[in-house]
file structure_33.csv (CSV, N, CA and C atoms)
chain,number,residue,atom,x,y,z
L,1,MET,N,-257.2,69.3,27.7
L,1,MET,CA,-256.3,68.8,26.7
L,1,MET,C,-254.9,69.0,27.2
L,2,ASN,N,-254.1,68.0,27.1
L,2,ASN,CA,-252.7,68.1,27.4
L,2,ASN,C,-251.9,68.4,26.2
L,3,VAL,N,-250.8,69.1,26.4
L,3,VAL,CA,-249.9,69.5,25.3
L,3,VAL,C,-248.5,69.0,25.7
L,4,ARG,N,-247.9,68.3,24.8
L,4,ARG,CA,-246.5,67.9,25.0
L,4,ARG,C,-245.6,69.1,24.9
L,5,THR,N,-244.6,69.2,25.8
L,5,THR,CA,-243.7,70.3,25.7
L,5,THR,C,-242.3,69.8,26.1
L,6,ASN,N,-241.3,70.6,25.8
L,6,ASN,CA,-239.9,70.2,26.0
L,6,ASN,C,-239.3,71.2,26.9
L,7,LEU,N,-238.8,70.9,28.1
L,7,LEU,CA,-238.2,71.8,29.0
L,7,LEU,C,-236.8,71.4,29.3
L,8,LEU,N,-235.9,72.3,29.5
L,8,LEU,CA,-234.6,72.0,29.9
L,8,LEU,C,-234.5,72.4,31.4
L,9,LEU,N,-234.3,71.4,32.2
L,9,LEU,CA,-234.2,71.5,33.7
L,9,LEU,C,-233.0,70.9,34.2
L,10,PRO,N,-232.4,71.5,35.3
L,10,PRO,CA,-231.3,70.9,35.9
L,10,PRO,C,-231.5,69.4,36.3
L,11,LYS,N,-230.5,68.6,36.1
L,11,LYS,CA,-230.7,67.1,36.3
L,11,LYS,C,-231.0,66.8,37.8
L,12,ASP,N,-230.3,67.5,38.7
L,12,ASP,CA,-230.6,67.3,40.1
L,12,ASP,C,-232.1,67.6,40.5
L,13,LEU,N,-232.6,68.6,39.8
L,13,LEU,CA,-234.0,69.0,40.1
L,13,LEU,C,-234.9,67.9,39.6
L,14,VAL,N,-234.7,67.4,38.4
L,14,VAL,CA,-235.5,66.4,37.8
L,14,VAL,C,-235.4,65.1,38.6
L,15,ASP,N,-234.2,64.8,39.1
L,15,ASP,CA,-234.0,63.6,39.9
L,15,ASP,C,-234.8,63.7,41.2
L,16,GLU,N,-234.9,64.9,41.8
L,16,GLU,CA,-235.6,65.1,43.1
L,16,GLU,C,-237.1,65.0,42.8
L,17,VAL,N,-237.6,65.6,41.7
L,17,VAL,CA,-239.0,65.5,41.3
L,17,VAL,C,-239.4,64.1,41.1
L,18,ASP,N,-238.6,63.3,40.4
L,18,ASP,CA,-238.9,61.9,40.2
L,18,ASP,C,-238.9,61.1,41.5
L,19,ARG,N,-238.0,61.5,42.4
L,19,ARG,CA,-238.0,60.8,43.7
L,19,ARG,C,-239.3,61.0,44.5
L,20,VAL,N,-239.8,62.3,44.4
L,20,VAL,CA,-241.0,62.7,45.2
L,20,VAL,C,-242.2,62.2,44.5
L,21,ALA,N,-242.3,62.4,43.1
L,21,ALA,CA,-243.5,62.2,42.4
L,21,ALA,C,-243.7,60.7,42.1
L,22,GLY,N,-242.7,59.9,42.1
L,22,GLY,CA,-242.9,58.5,41.9
L,22,GLY,C,-242.8,58.2,40.4
L,23,PRO,N,-242.9,56.9,40.1
L,23,PRO,CA,-242.9,56.5,38.7
L,23,PRO,C,-244.1,57.1,37.9
L,24,ARG,N,-243.7,57.7,36.8
L,24,ARG,CA,-244.7,58.2,35.9
L,24,ARG,C,-245.5,59.4,36.4
L,25,GLY,N,-245.0,60.0,37.5
L,25,GLY,CA,-245.7,61.1,38.1
L,25,GLY,C,-245.1,62.5,37.8
L,26,ARG,N,-244.1,62.5,37.0
L,26,ARG,CA,-243.4,63.8,36.8
L,26,ARG,C,-244.3,64.9,36.2
L,27,SER,N,-245.0,64.6,35.2
L,27,SER,CA,-245.8,65.6,34.5
L,27,SER,C,-246.9,66.2,35.4
L,28,ARG,N,-247.5,65.3,36.1
L,28,ARG,CA,-248.6,65.7,37.0
L,28,ARG,C,-248.0,66.6,38.1
L,29,TYR,N,-246.8,66.2,38.7
L,29,TYR,CA,-246.2,67.0,39.7
L,29,TYR,C,-245.8,68.4,39.2
L,30,VAL,N,-245.2,68.4,38.1
L,30,VAL,CA,-244.7,69.7,37.5
L,30,VAL,C,-245.9,70.6,37.2
L,31,ALA,N,-247.0,70.0,36.7
L,31,ALA,CA,-248.2,70.8,36.3
L,31,ALA,C,-248.8,71.4,37.6
L,32,GLU,N,-248.8,70.6,38.7
L,32,GLU,CA,-249.4,71.1,40.0
L,32,GLU,C,-248.5,72.2,40.5
L,33,ALA,N,-247.2,72.1,40.4
L,33,ALA,CA,-246.3,73.1,40.9
L,33,ALA,C,-246.4,74.4,40.1
L,34,LEU,N,-246.6,74.3,38.8
L,34,LEU,CA,-246.8,75.4,37.9
L,34,LEU,C,-248.1,76.1,38.2
L,35,GLU,N,-249.2,75.4,38.5
L,35,GLU,CA,-250.5,75.9,38.8
L,35,GLU,C,-250.4,76.7,40.1
L,36,SER,N,-249.7,76.1,41.1
L,36,SER,CA,-249.5,76.8,42.4
L,36,SER,C,-248.7,78.1,42.2
L,37,ARG,N,-247.7,78.1,41.5
L,37,ARG,CA,-246.9,79.3,41.3
L,37,ARG,C,-247.7,80.4,40.5
L,38,LEU,N,-248.5,80.0,39.5
L,38,LEU,CA,-249.3,80.9,38.8
L,38,LEU,C,-250.3,81.6,39.6
L,39,ARG,N,-251.0,80.8,40.6
L,39,ARG,CA,-251.9,81.4,41.5
L,39,ARG,C,-251.3,82.5,42.3
L,40,LYS,N,-250.1,82.2,42.8
L,40,LYS,CA,-249.4,83.2,43.6
L,40,LYS,C,-249.0,84.4,42.8
L,41,ASP,N,-248.6,84.2,41.6
L,41,ASP,CA,-248.2,85.3,40.7
L,41,ASP,C,-249.5,86.2,40.4
L,42,ARG,N,-250.6,85.5,40.1
L,42,ARG,CA,-251.8,86.3,39.8
L,42,ARG,C,-252.3,87.1,41.0
L,43,LEU,N,-252.2,86.5,42.2
L,43,LEU,CA,-252.6,87.2,43.4
L,43,LEU,C,-251.6,88.4,43.6
L,44,ARG,N,-250.3,88.2,43.5
L,44,ARG,CA,-249.4,89.3,43.6
L,44,ARG,C,-249.7,90.5,42.6
L,45,ASP,N,-250.0,90.1,41.4
L,45,ASP,CA,-250.4,91.1,40.4
L,45,ASP,C,-251.6,91.9,40.8
L,46,ALA,N,-252.6,91.1,41.3
L,46,ALA,CA,-253.9,91.8,41.7
L,46,ALA,C,-253.6,92.7,42.9
L,47,VAL,N,-252.8,92.3,43.8
L,47,VAL,CA,-252.5,93.2,44.9
L,47,VAL,C,-251.8,94.5,44.5
L,48,VAL,N,-250.8,94.3,43.6
L,48,VAL,CA,-250.1,95.5,43.1
L,48,VAL,C,-251.0,96.4,42.3
L,49,LYS,N,-251.9,95.8,41.5
L,49,LYS,CA,-252.8,96.7,40.7
L,49,LYS,C,-253.8,97.4,41.5
L,50,SER,N,-254.2,96.8,42.7
L,50,SER,CA,-255.2,97.4,43.5
L,50,SER,C,-254.7,98.3,44.6
L,51,ALA,N,-253.3,98.4,44.7
L,51,ALA,CA,-252.7,99.2,45.8
L,51,ALA,C,-253.2,100.6,45.6
L,52,GLY,N,-253.6,101.2,46.7
L,52,GLY,CA,-254.1,102.6,46.7
L,52,GLY,C,-255.5,102.8,46.3
L,53,ALA,N,-256.2,101.7,46.1
L,53,ALA,CA,-257.6,101.9,45.6
L,53,ALA,C,-258.5,102.4,46.7
L,54,TRP,N,-258.1,102.2,48.0
L,54,TRP,CA,-258.9,102.7,49.1
L,54,TRP,C,-258.2,103.8,49.7
L,55,SER,N,-259.0,104.8,50.2
L,55,SER,CA,-258.4,105.9,51.0
L,55,SER,C,-258.7,105.6,52.4
L,56,MET,N,-257.7,105.6,53.3
L,56,MET,CA,-257.9,105.3,54.7
L,56,MET,C,-258.9,106.3,55.3
L,57,SER,N,-259.0,107.5,54.8
L,57,SER,CA,-260.0,108.4,55.4
L,57,SER,C,-261.4,108.0,55.2
L,58,ASP,N,-261.6,107.2,54.1
L,58,ASP,CA,-262.9,106.7,53.8
L,58,ASP,C,-263.3,105.4,54.7
L,59,TYR,N,-262.3,104.8,55.3
L,59,TYR,CA,-262.5,103.6,56.1
L,59,TYR,C,-261.8,103.7,57.4
L,60,PRO,N,-262.3,104.5,58.3
L,60,PRO,CA,-261.6,104.7,59.6
L,60,PRO,C,-261.7,103.4,60.5
L,61,GLU,N,-262.6,102.5,60.2
L,61,GLU,CA,-262.6,101.3,60.9
L,61,GLU,C,-261.5,100.4,60.6
L,62,PHE,N,-260.6,100.7,59.6
L,62,PHE,CA,-259.5,99.9,59.3
L,62,PHE,C,-258.2,100.7,59.6
L,63,ALA,N,-258.2,101.7,60.4
L,63,ALA,CA,-257.1,102.6,60.6
L,63,ALA,C,-255.9,101.9,61.3
L,64,THR,N,-256.3,101.0,62.2
L,64,THR,CA,-255.2,100.2,62.9
L,64,THR,C,-255.6,98.8,62.9
L,65,SER,N,-254.5,97.9,63.2
L,65,SER,CA,-254.8,96.5,63.2
L,65,SER,C,-255.8,96.1,64.3
L,66,GLU,N,-255.8,96.8,65.4
L,66,GLU,CA,-256.8,96.6,66.4
L,66,GLU,C,-258.2,96.8,66.0
L,67,LYS,N,-258.4,97.9,65.2
L,67,LYS,CA,-259.7,98.3,64.7
L,67,LYS,C,-260.2,97.2,63.7
L,68,VAL,N,-259.2,96.7,62.9
L,68,VAL,CA,-259.6,95.7,61.9
L,68,VAL,C,-260.0,94.4,62.6
L,69,VAL,N,-259.3,94.0,63.7
L,69,VAL,CA,-259.7,92.9,64.5
L,69,VAL,C,-261.1,93.1,65.1
L,70,GLU,N,-261.3,94.3,65.6
L,70,GLU,CA,-262.6,94.6,66.2
L,70,GLU,C,-263.8,94.5,65.1
L,71,TRP,N,-263.5,95.0,63.9
L,71,TRP,CA,-264.5,95.0,62.8
L,71,TRP,C,-264.8,93.5,62.4
L,72,VAL,N,-263.7,92.7,62.3
L,72,VAL,CA,-263.9,91.3,61.9
L,72,VAL,C,-264.7,90.6,63.0
L,73,ARG,N,-264.4,90.8,64.2
L,73,ARG,CA,-265.1,90.1,65.3
L,73,ARG,C,-266.6,90.5,65.3
L,74,ALA,N,-266.8,91.8,65.1
L,74,ALA,CA,-268.2,92.2,65.0
L,74,ALA,C,-269.0,91.6,63.9
L,75,ARG,N,-268.4,91.5,62.7
L,75,ARG,CA,-269.0,90.8,61.6
L,75,ARG,C,-269.3,89.3,61.9
L,76,ARG,N,-268.3,88.7,62.5
L,76,ARG,CA,-268.5,87.3,62.8
L,76,ARG,C,-269.6,87.0,63.9
L,77,SER,N,-269.8,88.0,64.7
L,77,SER,CA,-270.8,87.8,65.8
L,77,SER,C,-272.2,88.2,65.3
L,78,GLU,N,-272.3,88.7,64.2
L,78,GLU,CA,-273.7,89.1,63.7
L,78,GLU,C,-274.6,87.9,63.5
L,79,VAL,N,-275.8,88.0,63.8
L,79,VAL,CA,-276.8,87.0,63.6
L,79,VAL,C,-277.4,87.2,62.2
L,80,THR,N,-277.3,86.2,61.4
L,80,THR,CA,-277.8,86.4,60.0
L,80,THR,C,-279.1,85.6,59.9
L,81,ASP,N,-280.0,86.0,59.0
L,81,ASP,CA,-281.2,85.4,58.7
L,81,ASP,C,-281.0,84.2,57.8
L,82,PRO,N,-281.1,82.9,58.3
L,82,PRO,CA,-280.9,81.8,57.4
L,82,PRO,C,-282.0,81.5,56.4
L,83,GLY,N,-283.1,82.3,56.5
L,83,GLY,CA,-284.2,82.1,55.5
L,83,GLY,C,-285.3,81.3,56.1
L,84,PRO,N,-286.4,81.2,55.3
L,84,PRO,CA,-287.6,80.6,55.9
L,84,PRO,C,-287.5,79.1,56.0
L,85,ASP,N,-286.6,78.4,55.5
L,85,ASP,CA,-286.5,77.0,55.5
L,85,ASP,C,-285.8,76.5,56.8
L,86,SER,N,-285.3,77.3,57.6
L,86,SER,CA,-284.5,76.9,58.8
L,86,SER,C,-285.4,76.4,59.9
call {"tool": "encode", "arguments": {"input": "structure_33.csv", "output": "structure tokens"}}
result
Amino acid sequence: MNVRTNLLLPKDLVDEVDRVAGPRGRSRYVAEALESRLRKDRLRDAVVKSAGAWSMSDYPEFATSEKVVEWVRARRSEVTDPGPDS
């Protein structure tokens, strides 16, 4: 469901959006921009809230960036069982 809203935006910003979004594309363009920004804000909030959740002493395999790369490569090289239908 769409909701009509009224926003005050700088004219040069609206002109640029209209140039990029094309005729009758302003609302869709602004909605997509807001969704993108909200995703980033939610991710930032999750990172801030989870900071310190892990103790490095509990995960020595992540102690250095080199060890992280080694761990990721090892996981990627694992052979997994695709199941009986393969």
call {"tool": "atom_distance", "arguments": {"input": "structure_33.csv", "atom1": "atom CA of Val68 of chain L", "atom2": "atom CA of Thr80 of chain L"}}
result
20.5 Å
call {"tool": "closest_residue", "arguments": {"input": "structure_33.csv", "among": "L:Ser36, L:Lys49, L:Leu7, L:Glu61", "to": "Ala74 of chain L", "atoms": "only C-alpha atoms"}}
result
L:Glu61
call {"tool": "select_by_dssp", "arguments": {"input": "structure_33.csv", "residues": "chain L", "states": "helix (DSSP H, G or I)", "output": "PyMOL selection string"}}
result
chain L and resi 11-21+26-50+56-58+60-62+65-77
call {"tool": "atom_distance", "arguments": {"input": "structure_33.csv", "atom1": "atom N of Val79 of chain L", "atom2": "atom N of Asp58 of chain L"}}
result
25.8 Å
call {"tool": "atom_distance", "arguments": {"input": "structure_33.csv", "atom1": "atom C of Tyr59 of chain L", "atom2": "atom N of Val72 of chain L"}}
result
12.2 Å
call {"tool": "residues_around", "arguments": {"input": "structure_33.csv", "residues": "Glu16 of chain L", "least_positions_apart": "4", "cutoff": "12 Å", "atoms": "only C-alpha atoms", "output": "list of chain:residue names"}}
result
L:Leu9, L:Pro10, L:Lys11, L:Asp12, L:Val20, L:Ala21, L:Gly22, L:Gly25, L:Arg26, L:Tyr29, L:Val30
call {"tool": "closest_residue", "arguments": {"input": "structure_33.csv", "among": "L:Ser50, L:Arg19, L:Ala31, L:Thr64", "to": "Arg4 of chain L", "atoms": "only C-alpha atoms"}}
result
L:Ala31
call {"tool": "decode", "arguments": {"input": "structure_33.csv", "residues": "segment 54-85 of chain L", "atoms": "N, CA, C and O atoms", "output": "PDB file, in the first residue's frame"}}
result
ATOM      1  N   TRP L  54      31.705 -11.435  20.811  1.00  0.00           N
ATOM      2  CA  TRP L  54      32.664 -12.551  20.767  1.00  0.00           C
ATOM      3  C   TRP L  54      33.917 -12.171  21.527  1.00  0.00           C
ATOM      4  O   TRP L  54      34.382 -11.043  21.462  1.00  0.00           O
ATOM      5  N   SER L  55      34.472 -13.140  22.198  1.00  0.00           N
ATOM      6  CA  SER L  55      35.761 -12.963  22.842  1.00  0.00           C
ATOM      7  C   SER L  55      36.821 -13.567  21.925  1.00  0.00           C
ATOM      8  O   SER L  55      36.687 -14.722  21.502  1.00  0.00           O
ATOM      9  N   MET L  56      37.848 -12.804  21.623  1.00  0.00           N
ATOM     10  CA  MET L  56      38.885 -13.305  20.714  1.00  0.00           C
ATOM     11  C   MET L  56      39.562 -14.548  21.275  1.00  0.00           C
ATOM     12  O   MET L  56      40.019 -15.401  20.527  1.00  0.00           O
ATOM     13  N   SER L  57      39.609 -14.688  22.589  1.00  0.00           N
ATOM     14  CA  SER L  57      40.238 -15.881  23.159  1.00  0.00           C
ATOM     15  C   SER L  57      39.421 -17.138  22.861  1.00  0.00           C
ATOM     16  O   SER L  57      39.961 -18.245  22.861  1.00  0.00           O
ATOM     17  N   ASP L  58      38.128 -16.976  22.600  1.00  0.00           N
ATOM     18  CA  ASP L  58      37.283 -18.117  22.264  1.00  0.00           C
ATOM     19  C   ASP L  58      37.412 -18.518  20.791  1.00  0.00           C
ATOM     20  O   ASP L  58      36.976 -19.601  20.406  1.00  0.00           O
ATOM     21  N   TYR L  59      37.978 -17.637  19.966  1.00  0.00           N
ATOM     22  CA  TYR L  59      38.083 -17.883  18.520  1.00  0.00           C
ATOM     23  C   TYR L  59      39.491 -17.559  18.030  1.00  0.00           C
ATOM     24  O   TYR L  59      39.707 -16.599  17.283  1.00  0.00           O
ATOM     25  N   PRO L  60      40.478 -18.375  18.411  1.00  0.00           N
ATOM     26  CA  PRO L  60      41.859 -18.084  17.993  1.00  0.00           C
ATOM     27  C   PRO L  60      42.044 -18.147  16.476  1.00  0.00           C
ATOM     28  O   PRO L  60      42.967 -17.534  15.941  1.00  0.00           O
ATOM     29  N   GLU L  61      41.132 -18.850  15.784  1.00  0.00           N
ATOM     30  CA  GLU L  61      41.246 -18.933  14.334  1.00  0.00           C
ATOM     31  C   GLU L  61      40.955 -17.593  13.655  1.00  0.00           C
ATOM     32  O   GLU L  61      41.216 -17.417  12.471  1.00  0.00           O
ATOM     33  N   PHE L  62      40.453 -16.612  14.399  1.00  0.00           N
ATOM     34  CA  PHE L  62      40.170 -15.287  13.842  1.00  0.00           C
ATOM     35  C   PHE L  62      41.094 -14.218  14.423  1.00  0.00           C
ATOM     36  O   PHE L  62      40.805 -13.026  14.331  1.00  0.00           O
ATOM     37  N   ALA L  63      42.209 -14.624  15.013  1.00  0.00           N
ATOM     38  CA  ALA L  63      43.094 -13.685  15.705  1.00  0.00           C
ATOM     39  C   ALA L  63      43.764 -12.686  14.766  1.00  0.00           C
ATOM     40  O   ALA L  63      44.027 -11.549  15.155  1.00  0.00           O
ATOM     41  N   THR L  64      44.043 -13.093  13.547  1.00  0.00           N
ATOM     42  CA  THR L  64      44.671 -12.191  12.574  1.00  0.00           C
ATOM     43  C   THR L  64      43.924 -12.305  11.255  1.00  0.00           C
ATOM     44  O   THR L  64      43.203 -13.281  11.005  1.00  0.00           O
ATOM     45  N   SER L  65      44.115 -11.304  10.405  1.00  0.00           N
ATOM     46  CA  SER L  65      43.446 -11.362   9.104  1.00  0.00           C
ATOM     47  C   SER L  65      43.948 -12.552   8.289  1.00  0.00           C
ATOM     48  O   SER L  65      43.186 -13.160   7.533  1.00  0.00           O
ATOM     49  N   GLU L  66      45.200 -12.915   8.457  1.00  0.00           N
ATOM     50  CA  GLU L  66      45.736 -14.075   7.737  1.00  0.00           C
ATOM     51  C   GLU L  66      45.036 -15.363   8.182  1.00  0.00           C
ATOM     52  O   GLU L  66      44.727 -16.230   7.365  1.00  0.00           O
ATOM     53  N   LYS L  67      44.792 -15.488   9.484  1.00  0.00           N
ATOM     54  CA  LYS L  67      44.095 -16.673   9.995  1.00  0.00           C
ATOM     55  C   LYS L  67      42.644 -16.711   9.520  1.00  0.00           C
ATOM     56  O   LYS L  67      42.109 -17.784   9.256  1.00  0.00           O
ATOM     57  N   VAL L  68      42.028 -15.558   9.401  1.00  0.00           N
ATOM     58  CA  VAL L  68      40.656 -15.508   8.892  1.00  0.00           C
ATOM     59  C   VAL L  68      40.634 -15.986   7.445  1.00  0.00           C
ATOM     60  O   VAL L  68      39.794 -16.806   7.068  1.00  0.00           O
ATOM     61  N   VAL L  69      41.565 -15.511   6.631  1.00  0.00           N
ATOM     62  CA  VAL L  69      41.640 -15.939   5.237  1.00  0.00           C
ATOM     63  C   VAL L  69      41.875 -17.445   5.163  1.00  0.00           C
ATOM     64  O   VAL L  69      41.238 -18.147   4.364  1.00  0.00           O
ATOM     65  N   GLU L  70      42.753 -17.958   5.983  1.00  0.00           N
ATOM     66  CA  GLU L  70      43.025 -19.400   6.025  1.00  0.00           C
ATOM     67  C   GLU L  70      41.758 -20.182   6.389  1.00  0.00           C
ATOM     68  O   GLU L  70      41.433 -21.199   5.770  1.00  0.00           O
ATOM     69  N   TRP L  71      41.010 -19.690   7.378  1.00  0.00           N
ATOM     70  CA  TRP L  71      39.778 -20.348   7.807  1.00  0.00           C
ATOM     71  C   TRP L  71      38.740 -20.345   6.686  1.00  0.00           C
ATOM     72  O   TRP L  71      38.105 -21.361   6.408  1.00  0.00           O
ATOM     73  N   VAL L  72      38.574 -19.207   6.024  1.00  0.00           N
ATOM     74  CA  VAL L  72      37.602 -19.109   4.933  1.00  0.00           C
ATOM     75  C   VAL L  72      37.985 -20.049   3.797  1.00  0.00           C
ATOM     76  O   VAL L  72      37.140 -20.777   3.257  1.00  0.00           O
ATOM     77  N   ARG L  73      39.244 -20.080   3.419  1.00  0.00           N
ATOM     78  CA  ARG L  73      39.683 -20.966   2.340  1.00  0.00           C
ATOM     79  C   ARG L  73      39.458 -22.431   2.694  1.00  0.00           C
ATOM     80  O   ARG L  73      39.061 -23.227   1.845  1.00  0.00           O
ATOM     81  N   ALA L  74      39.692 -22.770   3.942  1.00  0.00           N
ATOM     82  CA  ALA L  74      39.467 -24.154   4.376  1.00  0.00           C
ATOM     83  C   ALA L  74      37.980 -24.501   4.275  1.00  0.00           C
ATOM     84  O   ALA L  74      37.622 -25.598   3.834  1.00  0.00           O
ATOM     85  N   ARG L  75      37.106 -23.602   4.686  1.00  0.00           N
ATOM     86  CA  ARG L  75      35.659 -23.866   4.589  1.00  0.00           C
ATOM     87  C   ARG L  75      35.225 -23.983   3.127  1.00  0.00           C
ATOM     88  O   ARG L  75      34.402 -24.815   2.770  1.00  0.00           O
ATOM     89  N   ARG L  76      35.780 -23.159   2.271  1.00  0.00           N
ATOM     90  CA  ARG L  76      35.394 -23.192   0.860  1.00  0.00           C
ATOM     91  C   ARG L  76      35.888 -24.461   0.159  1.00  0.00           C
ATOM     92  O   ARG L  76      35.296 -24.886  -0.823  1.00  0.00           O
ATOM     93  N   SER L  77      36.966 -25.034   0.675  1.00  0.00           N
ATOM     94  CA  SER L  77      37.506 -26.227   0.023  1.00  0.00           C
ATOM     95  C   SER L  77      36.900 -27.521   0.555  1.00  0.00           C
ATOM     96  O   SER L  77      37.179 -28.591   0.034  1.00  0.00           O
ATOM     97  N   GLU L  78      36.061 -27.420   1.559  1.00  0.00           N
ATOM     98  CA  GLU L  78      35.420 -28.616   2.109  1.00  0.00           C
ATOM     99  C   GLU L  78      34.502 -29.265   1.082  1.00  0.00           C
ATOM    100  O   GLU L  78      33.813 -28.585   0.341  1.00  0.00           O
ATOM    101  N   VAL L  79      34.499 -30.574   1.073  1.00  0.00           N
ATOM    102  CA  VAL L  79      33.576 -31.312   0.228  1.00  0.00           C
ATOM    103  C   VAL L  79      32.329 -31.552   1.058  1.00  0.00           C
ATOM    104  O   VAL L  79      32.394 -32.068   2.166  1.00  0.00           O
ATOM    105  N   THR L  80      31.207 -31.156   0.513  1.00  0.00           N
ATOM    106  CA  THR L  80      29.956 -31.350   1.236  1.00  0.00           C
ATOM    107  C   THR L  80      29.149 -32.447   0.574  1.00  0.00           C
ATOM    108  O   THR L  80      29.295 -32.724  -0.614  1.00  0.00           O
ATOM    109  N   ASP L  81      28.308 -33.058   1.339  1.00  0.00           N
ATOM    110  CA  ASP L  81      27.454 -34.136   0.841  1.00  0.00           C
ATOM    111  C   ASP L  81      26.219 -33.522   0.187  1.00  0.00           C
ATOM    112  O   ASP L  81      25.380 -32.944   0.868  1.00  0.00           O
ATOM    113  N   PRO L  82      26.087 -33.611  -1.132  1.00  0.00           N
ATOM    114  CA  PRO L  82      24.930 -33.006  -1.796  1.00  0.00           C
ATOM    115  C   PRO L  82      23.640 -33.788  -1.594  1.00  0.00           C
ATOM    116  O   PRO L  82      22.586 -33.348  -2.032  1.00  0.00           O
ATOM    117  N   GLY L  83      23.716 -34.931  -0.959  1.00  0.00           N
ATOM    118  CA  GLY L  83      22.507 -35.705  -0.708  1.00  0.00           C
ATOM    119  C   GLY L  83      22.357 -36.857  -1.655  1.00  0.00           C
ATOM    120  O   GLY L  83      23.126 -37.051  -2.585  1.00  0.00           O
ATOM    121  N   PRO L  84      21.324 -37.684  -1.443  1.00  0.00           N
ATOM    122  CA  PRO L  84      21.171 -38.917  -2.222  1.00  0.00           C
ATOM    123  C   PRO L  84      20.737 -38.686  -3.673  1.00  0.00           C
ATOM    124  O   PRO L  84      20.862 -39.591  -4.489  1.00  0.00           O
ATOM    125  N   ASP L  85      20.221 -37.517  -4.010  1.00  0.00           N
ATOM    126  CA  ASP L  85      19.714 -37.280  -5.359  1.00  0.00           C
ATOM    127  C   ASP L  85      20.782 -36.822  -6.345  1.00  0.00           C
ATOM    128  O   ASP L  85      20.470 -36.566  -7.504  1.00  0.00           O
TER     129      ASP L  85
END
